[in-house]
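What follows is one structure encoded as structure tokens, with my remarks underneath.
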Amino acid sequence: MTSSTEPAPTPSASDAECLALTRQLRRRGTVVLSVFALVWAFAGASGTGAATDAVPVAVEAVALVITAVALYLGLRKDARPSPRTVDLPANWARGVGLVNGVELLAIVAVIAAANASGHPEYVPAGIALVVGLHFFPLARLYDQWQYRWTGALLTAVAVVGAVLVLAGLSAESVRAVVGLACAAVLWASACHLAVRG
């Protein structure tokens, strides 16, 4: 045991590297989540009216502000350190690449299948489902438990979107609901990651 006048031990190089990697992944996650939230918000805004109408322009303006706030929280220099360091599995980067590659192929397949079947109104819900499901393996690969609720909420949004299509809601309205709900989930995840680690 050290006395109160003795300095705390200096962390080992491996500890310092782990802390740096944790901070880097936290920042990268915040940026990626924020940017894709913005994409979803713009997609949702496109369902609220013509591009020159006041409502979509206002939605896009608000989306830009929320994205800027999330990015600021994630990239600020004085962010408090993560309460824990990540414990990444072996070959985690390869696994992330594989998951993201499958996600991209699945999105292309959803779009192609929806258009080929004459039901393009299912595209937003289908993409939301694919994106939501891909967060479950990412939660393990990045050692970020928060991604489980991100995946669960996006999957729930996808189900709601499909139900709205079946209920006869217009494609534009479904796009607005799914897009803005997905944006809200991703912004919340980005801010949680930025603030809580």
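Chain labels A, B, ... are given in the sequence in which chains occur in the structure tokens; within each chain residues are numbered consecutively from 1, and ligands are likewise numbered from 1 in the order shown.
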
Find the residues around A:Tyr122 up to 12 Å (only C-alpha atoms counted), leave out those fewer than 6 positions away in its own chain, and share them as a PyMOL selection string.
-> chain A and resi 107+110-116+128-129+158-166+168-175+178

Which polymer residues have any atom within 9 Å of an atom of A:Gly132, counting only C-alpha atoms, with same-chain residues fewer than 6 positions away left out, as a PyMOL selection string?
-> chain A and resi 148+150-158

Please produce a file of those selected residues containing all heavy atoms, as a CSV table (one decimal), in the first residue's frame.
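Output saved as out.csv:
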```csv
chain,number,residue,atom,x,y,z
A,148,ARG,N,-26.4,-3.3,-28.2
A,148,ARG,CA,-27.5,-4.2,-28.1
A,148,ARG,C,-28.8,-3.5,-28.1
A,148,ARG,O,-29.7,-3.9,-28.8
A,148,ARG,CB,-27.4,-5.2,-26.9
A,148,ARG,CG,-26.2,-6.1,-27.0
A,148,ARG,CD,-26.2,-7.1,-25.9
A,148,ARG,NE,-24.9,-7.5,-25.6
A,148,ARG,CZ,-24.3,-7.5,-24.4
A,148,ARG,NH1,-25.0,-7.1,-23.4
A,148,ARG,NH2,-23.1,-7.9,-24.3
A,150,THR,N,-29.2,-0.5,-29.2
A,150,THR,CA,-29.3,0.2,-30.5
A,150,THR,C,-29.9,-0.8,-31.5
A,150,THR,O,-30.9,-0.4,-32.2
A,150,THR,CB,-27.9,0.6,-31.0
A,150,THR,OG1,-27.3,1.5,-30.0
A,150,THR,CG2,-28.0,1.4,-32.3
A,151,GLY,N,-29.4,-2.0,-31.5
A,151,GLY,CA,-30.0,-3.0,-32.5
A,151,GLY,C,-31.4,-3.3,-32.2
A,151,GLY,O,-32.2,-3.4,-33.1
A,152,ALA,N,-31.7,-3.5,-30.9
A,152,ALA,CA,-33.1,-3.8,-30.5
A,152,ALA,C,-34.1,-2.7,-30.9
A,152,ALA,O,-35.2,-2.9,-31.5
A,152,ALA,CB,-33.2,-4.1,-29.0
A,153,LEU,N,-33.7,-1.4,-30.7
A,153,LEU,CA,-34.6,-0.3,-31.0
A,153,LEU,C,-34.8,-0.1,-32.5
A,153,LEU,O,-35.9,0.1,-33.0
A,153,LEU,CB,-34.1,1.0,-30.4
A,153,LEU,CG,-34.2,1.1,-28.9
A,153,LEU,CD1,-33.5,2.3,-28.3
A,153,LEU,CD2,-35.7,1.1,-28.5
A,154,LEU,N,-33.7,-0.3,-33.3
A,154,LEU,CA,-33.8,-0.2,-34.7
A,154,LEU,C,-34.6,-1.3,-35.3
A,154,LEU,O,-35.4,-1.1,-36.3
A,154,LEU,CB,-32.4,-0.2,-35.4
A,154,LEU,CG,-31.5,1.1,-35.1
A,154,LEU,CD1,-30.1,0.9,-35.7
A,154,LEU,CD2,-32.2,2.3,-35.8
A,155,THR,N,-34.5,-2.5,-34.7
A,155,THR,CA,-35.3,-3.7,-35.2
A,155,THR,C,-36.8,-3.4,-34.9
A,155,THR,O,-37.7,-3.7,-35.7
A,155,THR,CB,-34.8,-5.0,-34.5
A,155,THR,OG1,-33.5,-5.2,-34.8
A,155,THR,CG2,-35.7,-6.1,-34.9
A,156,ALA,N,-37.1,-2.8,-33.7
A,156,ALA,CA,-38.4,-2.4,-33.4
A,156,ALA,C,-39.0,-1.4,-34.4
A,156,ALA,O,-40.1,-1.4,-34.8
A,156,ALA,CB,-38.5,-1.9,-32.0
A,157,VAL,N,-38.1,-0.4,-34.7
A,157,VAL,CA,-38.6,0.6,-35.7
A,157,VAL,C,-38.9,-0.1,-37.0
A,157,VAL,O,-39.9,0.3,-37.7
A,157,VAL,CB,-37.5,1.7,-35.9
A,157,VAL,CG1,-37.8,2.6,-37.1
A,157,VAL,CG2,-37.3,2.5,-34.7
A,158,ALA,N,-38.1,-1.1,-37.4
A,158,ALA,CA,-38.3,-1.8,-38.7
A,158,ALA,C,-39.7,-2.5,-38.7
A,158,ALA,O,-40.4,-2.5,-39.6
A,158,ALA,CB,-37.2,-2.8,-38.9
```

Select from chain A everything DSSP, run on the backbone, classes as helix (DSSP H, G or I), then give the selection as JSON, numbers by chain.
-> {"A": [13, 14, 15, 16, 17, 18, 19, 20, 21, 22, 23, 24, 25, 26, 27, 28, 29, 30, 31, 32, 33, 34, 35, 36, 37, 38, 39, 40, 41, 42, 43, 44, 45, 54, 55, 56, 57, 58, 59, 60, 61, 62, 63, 64, 65, 66, 67, 68, 69, 70, 71, 72, 73, 74, 75, 92, 93, 94, 95, 96, 97, 98, 99, 100, 101, 102, 103, 104, 105, 106, 107, 108, 109, 110, 111, 112, 113, 114, 115, 116, 120, 121, 122, 123, 124, 125, 126, 127, 128, 129, 130, 131, 132, 133, 134, 135, 136, 137, 138, 139, 140, 141, 146, 147, 148, 149, 150, 151, 152, 153, 154, 155, 156, 157, 158, 159, 160, 161, 162, 163, 164, 165, 166, 171, 172, 173, 174, 175, 176, 177, 178, 179, 180, 181, 182, 183, 184, 185, 186, 187, 188, 189, 190, 191, 192, 193, 194, 195, 196]}

Rows by chain and residue number, stretch 114-188 of chain A within 8 Å of stretch 93-104 of chain A, shortest pair, only C-alpha atoms, as a Markdown table:
```
| residue | atom | partner | partner_atom | distance |
| --- | --- | --- | --- | --- |
| A:Val130 | CA | A:Glu103 | CA | 6.4 |
| A:Val131 | CA | A:Glu103 | CA | 6.8 |
| A:His134 | CA | A:Glu103 | CA | 6.4 |
| A:Pro137 | CA | A:Val99 | CA | 7.4 |
| A:Leu138 | CA | A:Val96 | CA | 6.7 |
| A:Leu141 | CA | A:Val96 | CA | 6.7 |
```

Between A:Val31, A:Ala54, A:Ala45, A:Val185, which has the minimum distance to A:Arg76 (counting only C-alpha atoms)?
->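 Between A:Val31, A:Ala54, A:Ala45, A:Val185, the residue approaching A:Arg76 most closely is A:Val31.
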
Spatial neighbours of A:Gly29, 9 Å, only C-alpha atoms, chain gap at least 6 places, as a PyMOL selection string = chain A and resi 74+190+193-194

Next, the residues of the selection above should be written as a tab-separated table (two decimals), in the first residue's frame with C-alpha atoms.
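Just written: out-v4.tsv:
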```
chain	number	residue	atom	x	y	z
A	74	GLY	CA	-17.65	12.79	-29.05
A	190	ALA	CA	-23.88	8.42	-30.32
A	193	LEU	CA	-21.19	6.60	-26.31
A	194	ALA	CA	-19.67	10.10	-26.28
```

Cut-off 9 Å: closest stretch 104-196 of chain A/stretch 37-41 of chain A atom pairs per residue, using only C-alpha atoms, as a tab-separated table:
```
residue	atom	partner	partner_atom	distance
A:Ala176	CA	A:Ala41	CA	8.3
A:Val178	CA	A:Trp40	CA	8.2
A:Gly179	CA	A:Trp40	CA	4.7
A:Leu180	CA	A:Ala41	CA	5.1
A:Ala181	CA	A:Ala41	CA	8.3
A:Cys182	CA	A:Trp40	CA	6.3
A:Ala183	CA	A:Ala37	CA	4.1
A:Ala184	CA	A:Ala37	CA	7.0
A:Val185	CA	A:Ala37	CA	7.8
A:Leu186	CA	A:Ala37	CA	5.2
A:Trp187	CA	A:Ala37	CA	5.9
A:Ala190	CA	A:Ala37	CA	8.9
```

Restrict the selected residues to N, CA and C atoms and save them as a PDB file, in the first residue's frame.
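So the final result, stored in result-v3.pdb, reads:
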```pdb
ATOM      1  N   ALA A 176     -40.853   8.808 -43.559  1.00  0.00           N
ATOM      2  CA  ALA A 176     -40.652   9.834 -42.534  1.00  0.00           C
ATOM      3  C   ALA A 176     -40.570   9.206 -41.147  1.00  0.00           C
ATOM      4  N   VAL A 178     -39.943   5.977 -40.234  1.00  0.00           N
ATOM      5  CA  VAL A 178     -38.786   5.087 -40.075  1.00  0.00           C
ATOM      6  C   VAL A 178     -37.489   5.897 -40.070  1.00  0.00           C
ATOM      7  N   GLY A 179     -37.359   6.823 -40.992  1.00  0.00           N
ATOM      8  CA  GLY A 179     -36.133   7.606 -41.075  1.00  0.00           C
ATOM      9  C   GLY A 179     -35.866   8.416 -39.828  1.00  0.00           C
ATOM     10  N   LEU A 180     -36.882   9.124 -39.344  1.00  0.00           N
ATOM     11  CA  LEU A 180     -36.678   9.983 -38.172  1.00  0.00           C
ATOM     12  C   LEU A 180     -36.510   9.157 -36.899  1.00  0.00           C
ATOM     13  N   ALA A 181     -37.212   8.035 -36.811  1.00  0.00           N
ATOM     14  CA  ALA A 181     -37.046   7.173 -35.629  1.00  0.00           C
ATOM     15  C   ALA A 181     -35.650   6.551 -35.605  1.00  0.00           C
ATOM     16  N   CYS A 182     -35.170   6.091 -36.749  1.00  0.00           N
ATOM     17  CA  CYS A 182     -33.814   5.533 -36.804  1.00  0.00           C
ATOM     18  C   CYS A 182     -32.773   6.598 -36.468  1.00  0.00           C
ATOM     19  N   ALA A 183     -32.987   7.803 -36.979  1.00  0.00           N
ATOM     20  CA  ALA A 183     -32.066   8.899 -36.656  1.00  0.00           C
ATOM     21  C   ALA A 183     -32.029   9.147 -35.159  1.00  0.00           C
ATOM     22  N   ALA A 184     -33.194   9.166 -34.515  1.00  0.00           N
ATOM     23  CA  ALA A 184     -33.252   9.417 -33.071  1.00  0.00           C
ATOM     24  C   ALA A 184     -32.504   8.334 -32.292  1.00  0.00           C
ATOM     25  N   VAL A 185     -32.671   7.074 -32.698  1.00  0.00           N
ATOM     26  CA  VAL A 185     -31.972   5.968 -32.024  1.00  0.00           C
ATOM     27  C   VAL A 185     -30.466   6.120 -32.181  1.00  0.00           C
ATOM     28  N   LEU A 186     -30.013   6.427 -33.386  1.00  0.00           N
ATOM     29  CA  LEU A 186     -28.566   6.538 -33.624  1.00  0.00           C
ATOM     30  C   LEU A 186     -27.978   7.756 -32.926  1.00  0.00           C
ATOM     31  N   TRP A 187     -28.700   8.884 -32.901  1.00  0.00           N
ATOM     32  CA  TRP A 187     -28.203  10.045 -32.158  1.00  0.00           C
ATOM     33  C   TRP A 187     -28.106   9.734 -30.668  1.00  0.00           C
ATOM     34  N   ALA A 190     -25.100   7.626 -30.164  1.00  0.00           N
ATOM     35  CA  ALA A 190     -23.878   8.418 -30.323  1.00  0.00           C
ATOM     36  C   ALA A 190     -23.605   9.250 -29.081  1.00  0.00           C
TER      37      ALA A 190
END
```

Distance of atom CA of A:Ala125 from atom CA of A:Cys191, expressed in Å to one decimal place =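 Atom CA of A:Ala125 lies at a distance of 23.8 Å from atom CA of A:Cys191.
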
Counting only C-alpha atoms, what is within 12 Å of A:Arg26, bar same-chain residues fewer than 6 positions away, as a PyMOL selection string?
-> chain A and resi 19-20+32-33+71+73-76+79-86+142-144+146+189-197
